[in-house]
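See below for entry_39.txt, which holds compact mmCIF, C-alpha atoms.
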# COMPACT_ATOMS: atom_id res chain seq x y z
CA MET D 790 17.36 -15.32 -12.22
CA ARG D 791 14.86 -14.26 -14.88
CA ILE D 792 15.93 -11.82 -17.61
CA LEU D 793 13.93 -9.94 -20.24
CA VAL D 794 15.84 -8.87 -23.36
CA VAL D 795 14.07 -5.98 -25.14
CA GLU D 796 15.81 -5.73 -28.50
CA ASP D 797 14.39 -5.43 -32.04
CA ASP D 798 17.52 -6.83 -33.74
CA SER D 799 16.74 -10.55 -33.69
CA ARG D 800 20.40 -11.53 -34.10
CA ILE D 801 21.53 -9.50 -31.08
CA ALA D 802 18.49 -10.53 -29.03
CA SER D 803 19.16 -14.23 -29.68
CA PHE D 804 22.86 -13.80 -28.90
CA VAL D 805 22.13 -12.09 -25.55
CA ALA D 806 19.39 -14.53 -24.56
CA LYS D 807 21.60 -17.50 -25.43
CA GLY D 808 24.42 -16.05 -23.32
CA PHE D 809 22.15 -15.81 -20.27
CA LYS D 810 20.70 -19.29 -20.81
CA GLN D 811 24.16 -20.85 -21.14
CA ASN D 812 24.95 -19.40 -17.72
CA GLY D 813 21.89 -20.95 -16.11
CA TYR D 814 19.44 -18.03 -16.32
CA LEU D 815 15.94 -17.86 -17.75
CA ALA D 816 15.71 -15.41 -20.63
CA GLU D 817 12.81 -14.10 -22.72
CA ILE D 818 12.81 -11.74 -25.69
CA SER D 819 10.60 -8.78 -26.59
CA SER D 820 11.07 -7.14 -29.99
CA ASP D 821 9.40 -3.80 -29.20
CA GLY D 822 8.87 -1.44 -26.29
CA GLU D 823 5.14 -2.02 -25.85
CA ASP D 824 5.53 -5.79 -25.65
CA GLY D 825 8.44 -5.36 -23.25
CA LEU D 826 6.35 -3.17 -20.93
CA GLN D 827 3.44 -5.63 -21.04
CA LYS D 828 5.71 -8.54 -20.10
CA LEU D 829 7.32 -6.62 -17.23
CA GLN D 830 3.93 -5.58 -15.87
CA THR D 831 2.46 -9.09 -15.93
CA ALA D 832 5.37 -11.35 -14.93
CA PRO D 833 8.22 -11.12 -12.40
CA PHE D 834 11.69 -10.45 -13.86
CA ASP D 835 14.93 -9.83 -12.00
CA ALA D 836 16.47 -7.73 -14.76
CA ALA D 837 15.75 -6.19 -18.16
CA VAL D 838 18.34 -5.54 -20.88
CA ILE D 839 16.89 -2.74 -23.02
CA ASP D 840 17.94 -1.26 -26.36
CA LEU D 841 17.17 2.44 -26.90
CA MET D 842 16.09 2.30 -30.54
CA LEU D 843 12.90 0.25 -30.28
CA PRO D 844 9.71 0.24 -32.37
CA LYS D 845 6.30 1.21 -30.87
CA MET D 846 7.93 2.61 -27.71
CA ASP D 847 11.56 3.72 -27.52
CA GLY D 848 13.84 2.44 -24.78
CA LEU D 849 13.95 5.69 -22.82
CA SER D 850 10.15 5.91 -22.67
CA LEU D 851 10.02 2.24 -21.66
CA ILE D 852 12.42 2.86 -18.76
CA GLU D 853 10.38 5.85 -17.60
CA ARG D 854 7.16 3.81 -17.69
CA ILE D 855 8.79 0.97 -15.76
CA ARG D 856 10.00 3.29 -13.02
CA LYS D 857 6.75 5.23 -12.91
CA GLY D 858 4.92 1.95 -12.32
CA LYS D 859 7.48 1.01 -9.63
CA THR D 860 8.13 -2.38 -11.23
CA PRO D 861 10.99 -3.92 -9.18
CA VAL D 862 13.48 -4.82 -11.91
CA ALA D 863 17.15 -4.03 -12.55
CA ILE D 864 17.69 -2.26 -15.90
CA VAL D 865 20.77 -2.31 -18.13
CA VAL D 866 20.69 -0.24 -21.32
CA LEU D 867 22.38 -1.80 -24.34
CA SER D 868 22.85 0.79 -27.07
CA ALA D 869 24.99 1.88 -30.01
CA LYS D 870 24.69 5.49 -28.80
CA HIS D 871 27.99 6.58 -27.27
CA SER D 872 27.43 10.16 -26.13
CA VAL D 873 27.68 11.15 -22.48
CA GLU D 874 24.32 12.93 -22.83
CA ASP D 875 22.60 9.67 -23.83
CA LYS D 876 24.13 7.83 -20.87
CA VAL D 877 23.16 10.55 -18.41
CA ARG D 878 19.62 10.73 -19.77
CA CYS D 879 19.15 6.97 -19.36
CA LEU D 880 20.60 6.86 -15.85
CA ARG D 881 18.47 9.80 -14.73
CA SER D 882 15.38 8.14 -16.19
CA GLY D 883 15.94 5.07 -14.03
CA ALA D 884 18.45 2.79 -15.75
CA ASP D 885 20.95 1.10 -13.43
CA ASP D 886 23.74 0.76 -15.98
CA TYR D 887 24.63 1.51 -19.61
CA LEU D 888 26.68 -0.70 -21.92
CA GLN D 889 27.72 0.33 -25.41
CA LYS D 890 27.52 -1.85 -28.52
CA PRO D 891 29.58 -3.74 -29.53
CA PHE D 892 29.95 -5.52 -26.21
CA ALA D 893 31.25 -8.71 -24.65
CA ILE D 894 28.54 -11.01 -23.32
CA SER D 895 30.73 -11.76 -20.28
CA GLU D 896 30.74 -8.07 -19.34
CA LEU D 897 26.97 -7.80 -19.77
CA LEU D 898 26.47 -10.85 -17.55
CA ALA D 899 28.79 -9.43 -14.88
CA ARG D 900 27.04 -6.05 -14.88
CA VAL D 901 23.57 -7.58 -14.62
CA GLU D 902 24.66 -9.91 -11.80
CA ALA D 903 26.26 -7.05 -9.86
CA ILE D 904 23.15 -4.86 -10.16
CA VAL D 905 20.76 -7.65 -9.18
CA ARG D 906 22.90 -8.44 -6.12
CA ARG D 907 22.84 -4.78 -5.09
CA VAL D 908 19.11 -4.39 -5.70
CA SER D 909 18.41 -7.62 -3.81
CA ARG D 910 20.36 -6.38 -0.77
CA GLU D 911 18.55 -3.06 -0.85
CA ALA D 912 15.17 -4.74 -1.22
CA GLU D 913 15.81 -7.37 1.44
CA VAL D 914 13.09 -7.31 4.06
CA GLU D 915 12.36 -9.30 7.17
CA ARG D 916 8.58 -9.05 7.07
CA LEU D 917 5.85 -8.90 4.42
CA GLU D 918 2.31 -7.67 5.07
CA SER D 919 -0.73 -7.51 2.79
CA ALA D 920 -4.49 -7.85 3.24
CA GLY D 921 -4.14 -8.95 6.87
CA VAL D 922 -1.48 -11.53 6.06
CA GLU D 923 1.84 -11.20 7.89
CA ILE D 924 4.93 -13.17 6.89
CA ASP D 925 7.98 -13.21 9.13
CA LEU D 926 10.73 -14.28 6.74
CA LEU D 927 13.33 -14.79 9.47
CA ALA D 928 11.21 -16.83 11.88
CA HIS D 929 9.38 -18.54 9.00
CA ILE D 930 5.98 -17.73 10.49
CA ALA D 931 2.83 -16.79 8.60
CA LYS D 932 -0.30 -15.26 10.15
CA ARG D 933 -3.64 -13.97 8.97
CA GLU D 934 -5.42 -11.42 11.15
CA GLY D 935 -3.07 -12.47 13.97
CA ARG D 936 -3.89 -16.17 13.65
CA ARG D 937 -0.88 -18.37 12.93
CA ILE D 938 -1.06 -20.55 9.82
CA ASP D 939 0.85 -23.84 9.93
CA LEU D 940 2.57 -24.13 6.54
CA GLN D 941 4.94 -26.65 5.04
CA PRO D 942 8.18 -25.16 3.55
CA ARG D 943 6.94 -25.14 -0.06
CA GLU D 944 3.56 -23.74 0.98
CA PHE D 945 5.39 -20.96 2.84
CA ALA D 946 7.54 -20.27 -0.25
CA LEU D 947 4.42 -20.11 -2.45
CA LEU D 948 2.71 -17.66 -0.08
CA GLU D 949 5.83 -15.47 0.02
CA LEU D 950 6.02 -15.45 -3.79
CA LEU D 951 2.35 -14.59 -4.18
CA VAL D 952 2.47 -11.79 -1.58
CA ARG D 953 5.65 -10.31 -3.07
CA ASN D 954 3.81 -10.19 -6.41
CA ARG D 955 0.43 -9.19 -4.98
CA GLY D 956 -1.98 -8.03 -7.64
CA ARG D 957 0.18 -9.55 -10.38
CA ALA D 958 -0.80 -12.79 -12.13
CA LEU D 959 1.75 -15.61 -11.96
CA THR D 960 1.53 -18.42 -14.49
CA LYS D 961 1.81 -22.09 -13.59
CA MET D 962 5.15 -22.28 -15.42
CA GLN D 963 6.52 -19.31 -13.46
CA LEU D 964 5.54 -20.97 -10.19
CA LEU D 965 7.14 -24.24 -11.31
CA GLU D 966 10.40 -22.49 -12.16
CA ARG D 967 10.50 -20.45 -8.95
CA LEU D 968 9.41 -23.13 -6.46
CA TRP D 969 10.88 -26.32 -7.90
CA ASP D 970 13.92 -24.80 -9.63
CA TYR D 971 13.52 -26.97 -12.74
CA SER D 972 10.90 -27.69 -15.37
CA PHE D 973 8.17 -30.26 -14.93
CA ASP D 974 5.90 -31.44 -17.70
CA PRO D 975 3.69 -28.36 -18.28
CA GLN D 976 0.67 -30.63 -17.88
CA THR D 977 1.61 -31.63 -14.33
CA ASN D 978 -0.81 -30.66 -11.56
CA VAL D 979 1.76 -30.15 -8.77
CA VAL D 980 1.17 -26.38 -8.81
CA ASP D 981 -2.61 -26.78 -8.63
CA VAL D 982 -2.27 -29.17 -5.70
CA LEU D 983 0.09 -26.84 -3.83
CA VAL D 984 -2.14 -23.79 -4.44
CA CYS D 985 -5.17 -25.76 -3.25
CA ARG D 986 -3.40 -26.75 -0.03
CA LEU D 987 -2.27 -23.20 0.67
CA ARG D 988 -5.68 -21.73 -0.19
CA ASN D 989 -7.42 -24.12 2.23
CA LYS D 990 -5.12 -23.11 5.07
CA LEU D 991 -5.04 -19.38 4.29
CA ASP D 992 -8.75 -18.78 3.63
CA ARG D 993 -10.27 -21.20 6.14
CA GLY D 994 -12.62 -19.30 8.45
CA PHE D 995 -12.50 -16.04 6.47
CA ASP D 996 -15.14 -14.58 4.16
CA THR D 997 -12.59 -12.76 1.99
CA LYS D 998 -10.61 -15.06 -0.28
CA LEU D 999 -7.08 -14.00 -1.12
CA ILE D 1000 -5.77 -16.48 -3.72
CA HIS D 1001 -7.66 -16.45 -7.00
CA THR D 1002 -7.48 -18.60 -10.11
CA LEU D 1003 -7.30 -16.73 -13.41
CA ARG D 1004 -8.45 -19.23 -16.01
CA GLY D 1005 -5.95 -19.72 -18.77
CA ILE D 1006 -3.41 -17.52 -16.98
CA GLY D 1007 -2.51 -18.68 -13.48
CA TYR D 1008 -2.96 -17.38 -9.95
CA VAL D 1009 -3.02 -14.01 -8.20
CA PHE D 1010 -2.99 -12.83 -4.57
CA ARG D 1011 -5.48 -10.04 -3.91
CA PRO D 1012 -8.44 -9.44 -1.58
CA GLU D 1013 -11.89 -9.45 -3.23

Show the structure stored in the file as structure tokens.
Amino acid sequence: MRILVVEDDSRIASFVAKGFKQNGYLAEISSDGEDGLQKLQTAPFDAAVIDLMLPKMDGLSLIERIRKGKTPVAIVVLSAKHSVEDKVRCLRSGADDYLQKPFAISELLARVEAIVRRVSREAEVERLESAGVEIDLLAHIAKREGRRIDLQPREFALLELLVRNRGRALTKMQLLERLWDYSFDPQTNVVDVLVCRLRNKLDRGFDTKLIHTLRGIGYVFRPE
């Protein structure tokens, strides 16, 4: 699970990120609202822990922007504000939960895990479709324009990940972490090889290419 901690207090941010990492999660930190929004719009996260009092863009505005953009991420507000009005305002703006400071890291972990489980169940689908590509997640079958594509398990997983994040750039490191479940040497070419294999199978015989390389960034699925 990938977590973004949006908190301008470096001590609290480090404490929260460390707590997630010690429990086996990937955690990144943003120190202001604008940077947090940029990260959430350009990389896939399962959850965001957001403080309300943020520089550049306050937490409430950040939540509203996230929901307006329909970014699929669970949101837990972490704030020193204790009033019922503040809690209601955050929940109505799109937050999934609200935890007051001071807090226990174990409770924060439990709340985030519960929300992500719920969101995952609600978002669970059996089929993905985009740009003529159809993915049957139950039968493990991929097609383009009705033509079946014979994919190996990791190629299928890569295609699913790209289609789920269509239009959004995924870095090589993100693909390594999602598809191999542990970190390779960042200089390894296993991602490039896998993308090349999938691209050859997916685009063969079609004029429109769907998987594109973004130099210095990574890869993106979109018709051009």

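If you count all atoms listed in the file and ignore residues fewer than 4 places along the chain from region 807-824 of chain D, what sits within 9 Å of it is Met790, Arg791, Ile792, Leu793, Val794, Val795, Glu796, Asp797, Asp798, Ser799, Ala802, Ser803, Lys828, Leu829, Ile839, Leu843, Pro844, Lys845, Met846, Asp847, Gly848, Ser850, Leu851, Ile894, Ser895 and Leu898 of chain D.
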
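If you measure from each of D:Ser919, D:Ser868, D:Gln941, D:Thr960 to Pro833 (chain D) using all atoms listed in the file, the closest one turns out to be D:Thr960.
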
- Task: Would you please work out which residue, of D:Lys990, D:Ile864, D:Leu947, D:Val805, is nearest to Lys890 (chain D) when using only C-alpha atoms?
- Result: D:Val805

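Between CA of Val862 (chain D) and CA of Ile904 (chain D) lies a distance of 9.8 Å.
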
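Using all atoms listed in the file, the shortest contact distance between Glu934 (chain D) and any of D:Val980, D:Val873, D:Ala884, D:Val922 is found at D:Val922.
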
- Nearest to Lys870 (chain D): which of D:Val901, D:Leu917, D:Leu841, D:Leu826 is it, counting all atoms listed in the file? D:Leu841

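Of note, CA of Arg967 (chain D) and CA of Gly883 (chain D) are spaced 26.6 Å apart.
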
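Rounded to one decimal, CA of Trp969 (chain D) and CA of Leu999 (chain D) lie 22.8 Å from each other.
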
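Nearest to His1001 (chain D) of all the residues D:Asn978, D:Gln963, D:Val838, D:Arg957 is D:Arg957, based on only C-alpha atoms.
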
- Message: Here is a test: counting only C-alpha atoms, which residue of D:Leu897, D:Val952, D:Val982, D:Leu959 is nearest to Ile924 (chain D)?
- Response: D:Val952

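Every protein, DNA or RNA residue with an atom at most 10 Å from Glu902 (chain D), where all atoms listed in the file count and chain neighbours fewer than 3 positions away do not, is listed here: Met790, Asp835, Ala836, Ala863, Glu896, Leu897, Leu898, Ala899, Val905, Arg906, Arg907 and Val908 of chain D.
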
Could those selected residues go to a file with C-alpha atoms, as a short mmCIF file (atom, residue, chain, number, x, y, z; two decimals), keeping the file's coordinate frame?
data_model
loop_
_atom_site.label_atom_id
_atom_site.label_comp_id
_atom_site.auth_asym_id
_atom_site.auth_seq_id
_atom_site.Cartn_x
_atom_site.Cartn_y
_atom_site.Cartn_z
CA MET D 790 17.36 -15.32 -12.22
CA ASP D 835 14.93 -9.83 -12.00
CA ALA D 836 16.47 -7.73 -14.76
CA ALA D 863 17.15 -4.03 -12.55
CA GLU D 896 30.74 -8.07 -19.34
CA LEU D 897 26.97 -7.80 -19.77
CA LEU D 898 26.47 -10.85 -17.55
CA ALA D 899 28.79 -9.43 -14.88
CA VAL D 905 20.76 -7.65 -9.18
CA ARG D 906 22.90 -8.44 -6.12
CA ARG D 907 22.84 -4.78 -5.09
CA VAL D 908 19.11 -4.39 -5.70
#

- Task: Compile the contact shell of region 1010-1013 of chain D as number ranges by chain: residues with an atom at most 6 Å away, counting only C-alpha atoms, same-chain residues fewer than 2 positions apart removed.
- Result: D: 951, 955-956, 999-1000

Show me, as lines of an AutoDock Vina configuration file, the centre and edge lengths in Å to one decimal of the axis-aligned box that covers every listed atom of region 952-966 of chain D with 4 Å on each side.
center_x = 4.2
center_y = -16.1
center_z = -8.5
size_x = 20.4
size_y = 24.2
size_z = 21.8

Give as a short mmCIF file (atom, residue, chain, number, x, y, z; two decimals) with C-alpha atoms, in the frame of the given file each residue that has an atom at most 7 Å from (-0.6, -10.9, -17.8) in the file, counting all atoms listed in the file.
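Generated output (out_4.cif):
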data_model
loop_
_atom_site.label_atom_id
_atom_site.label_comp_id
_atom_site.auth_asym_id
_atom_site.auth_seq_id
_atom_site.Cartn_x
_atom_site.Cartn_y
_atom_site.Cartn_z
CA THR D 831 2.46 -9.09 -15.93
CA ALA D 832 5.37 -11.35 -14.93
CA ALA D 958 -0.80 -12.79 -12.13
#

Mind filling out region 790-805 of chain D with N, CA, C and O atoms and sending it as a JSON list (two decimals), keeping the file's coordinate frame?
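Listing of selection_23.json after writing:
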[["chain", "number", "residue", "atom", "x", "y", "z"],
["D", 790, "MET", "N", 17.62, -16.72, -11.89],
["D", 790, "MET", "CA", 17.36, -15.32, -12.22],
["D", 790, "MET", "C", 16.65, -15.25, -13.57],
["D", 790, "MET", "O", 16.99, -15.97, -14.49],
["D", 791, "ARG", "N", 15.69, -14.38, -13.68],
["D", 791, "ARG", "CA", 14.86, -14.26, -14.88],
["D", 791, "ARG", "C", 15.15, -12.93, -15.57],
["D", 791, "ARG", "O", 15.06, -11.87, -14.95],
["D", 792, "ILE", "N", 15.50, -12.99, -16.86],
["D", 792, "ILE", "CA", 15.93, -11.82, -17.61],
["D", 792, "ILE", "C", 15.00, -11.59, -18.80],
["D", 792, "ILE", "O", 14.63, -12.53, -19.50],
["D", 793, "LEU", "N", 14.66, -10.31, -19.04],
["D", 793, "LEU", "CA", 13.93, -9.94, -20.24],
["D", 793, "LEU", "C", 14.86, -9.13, -21.14],
["D", 793, "LEU", "O", 15.42, -8.12, -20.71],
["D", 794, "VAL", "N", 15.01, -9.57, -22.38],
["D", 794, "VAL", "CA", 15.84, -8.87, -23.36],
["D", 794, "VAL", "C", 14.90, -8.13, -24.31],
["D", 794, "VAL", "O", 14.15, -8.75, -25.06],
["D", 795, "VAL", "N", 14.94, -6.80, -24.29],
["D", 795, "VAL", "CA", 14.07, -5.98, -25.14],
["D", 795, "VAL", "C", 14.95, -5.41, -26.25],
["D", 795, "VAL", "O", 15.65, -4.42, -26.06],
["D", 796, "GLU", "N", 14.90, -6.05, -27.40],
["D", 796, "GLU", "CA", 15.81, -5.73, -28.50],
["D", 796, "GLU", "C", 15.14, -6.11, -29.82],
["D", 796, "GLU", "O", 14.67, -7.24, -29.98],
["D", 797, "ASP", "N", 15.07, -5.15, -30.77],
["D", 797, "ASP", "CA", 14.39, -5.43, -32.04],
["D", 797, "ASP", "C", 15.30, -6.09, -33.07],
["D", 797, "ASP", "O", 14.81, -6.63, -34.06],
["D", 798, "ASP", "N", 16.60, -6.11, -32.85],
["D", 798, "ASP", "CA", 17.52, -6.83, -33.74],
["D", 798, "ASP", "C", 17.53, -8.29, -33.31],
["D", 798, "ASP", "O", 18.09, -8.63, -32.25],
["D", 799, "SER", "N", 16.90, -9.15, -34.09],
["D", 799, "SER", "CA", 16.74, -10.55, -33.69],
["D", 799, "SER", "C", 18.07, -11.26, -33.48],
["D", 799, "SER", "O", 18.19, -12.14, -32.62],
["D", 800, "ARG", "N", 19.09, -10.89, -34.24],
["D", 800, "ARG", "CA", 20.40, -11.53, -34.10],
["D", 800, "ARG", "C", 21.02, -11.19, -32.74],
["D", 800, "ARG", "O", 21.50, -12.08, -32.03],
["D", 801, "ILE", "N", 20.98, -9.92, -32.38],
["D", 801, "ILE", "CA", 21.53, -9.50, -31.08],
["D", 801, "ILE", "C", 20.70, -10.07, -29.94],
["D", 801, "ILE", "O", 21.25, -10.56, -28.94],
["D", 802, "ALA", "N", 19.37, -10.02, -30.08],
["D", 802, "ALA", "CA", 18.49, -10.53, -29.03],
["D", 802, "ALA", "C", 18.76, -12.01, -28.77],
["D", 802, "ALA", "O", 18.85, -12.45, -27.60],
["D", 803, "SER", "N", 18.89, -12.80, -29.83],
["D", 803, "SER", "CA", 19.16, -14.23, -29.68],
["D", 803, "SER", "C", 20.52, -14.48, -29.04],
["D", 803, "SER", "O", 20.68, -15.36, -28.20],
["D", 804, "PHE", "N", 21.51, -13.67, -29.45],
["D", 804, "PHE", "CA", 22.86, -13.80, -28.90],
["D", 804, "PHE", "C", 22.87, -13.53, -27.39],
["D", 804, "PHE", "O", 23.46, -14.28, -26.61],
["D", 805, "VAL", "N", 22.18, -12.45, -26.98],
["D", 805, "VAL", "CA", 22.13, -12.09, -25.55],
["D", 805, "VAL", "C", 21.36, -13.14, -24.76],
["D", 805, "VAL", "O", 21.83, -13.59, -23.69]]
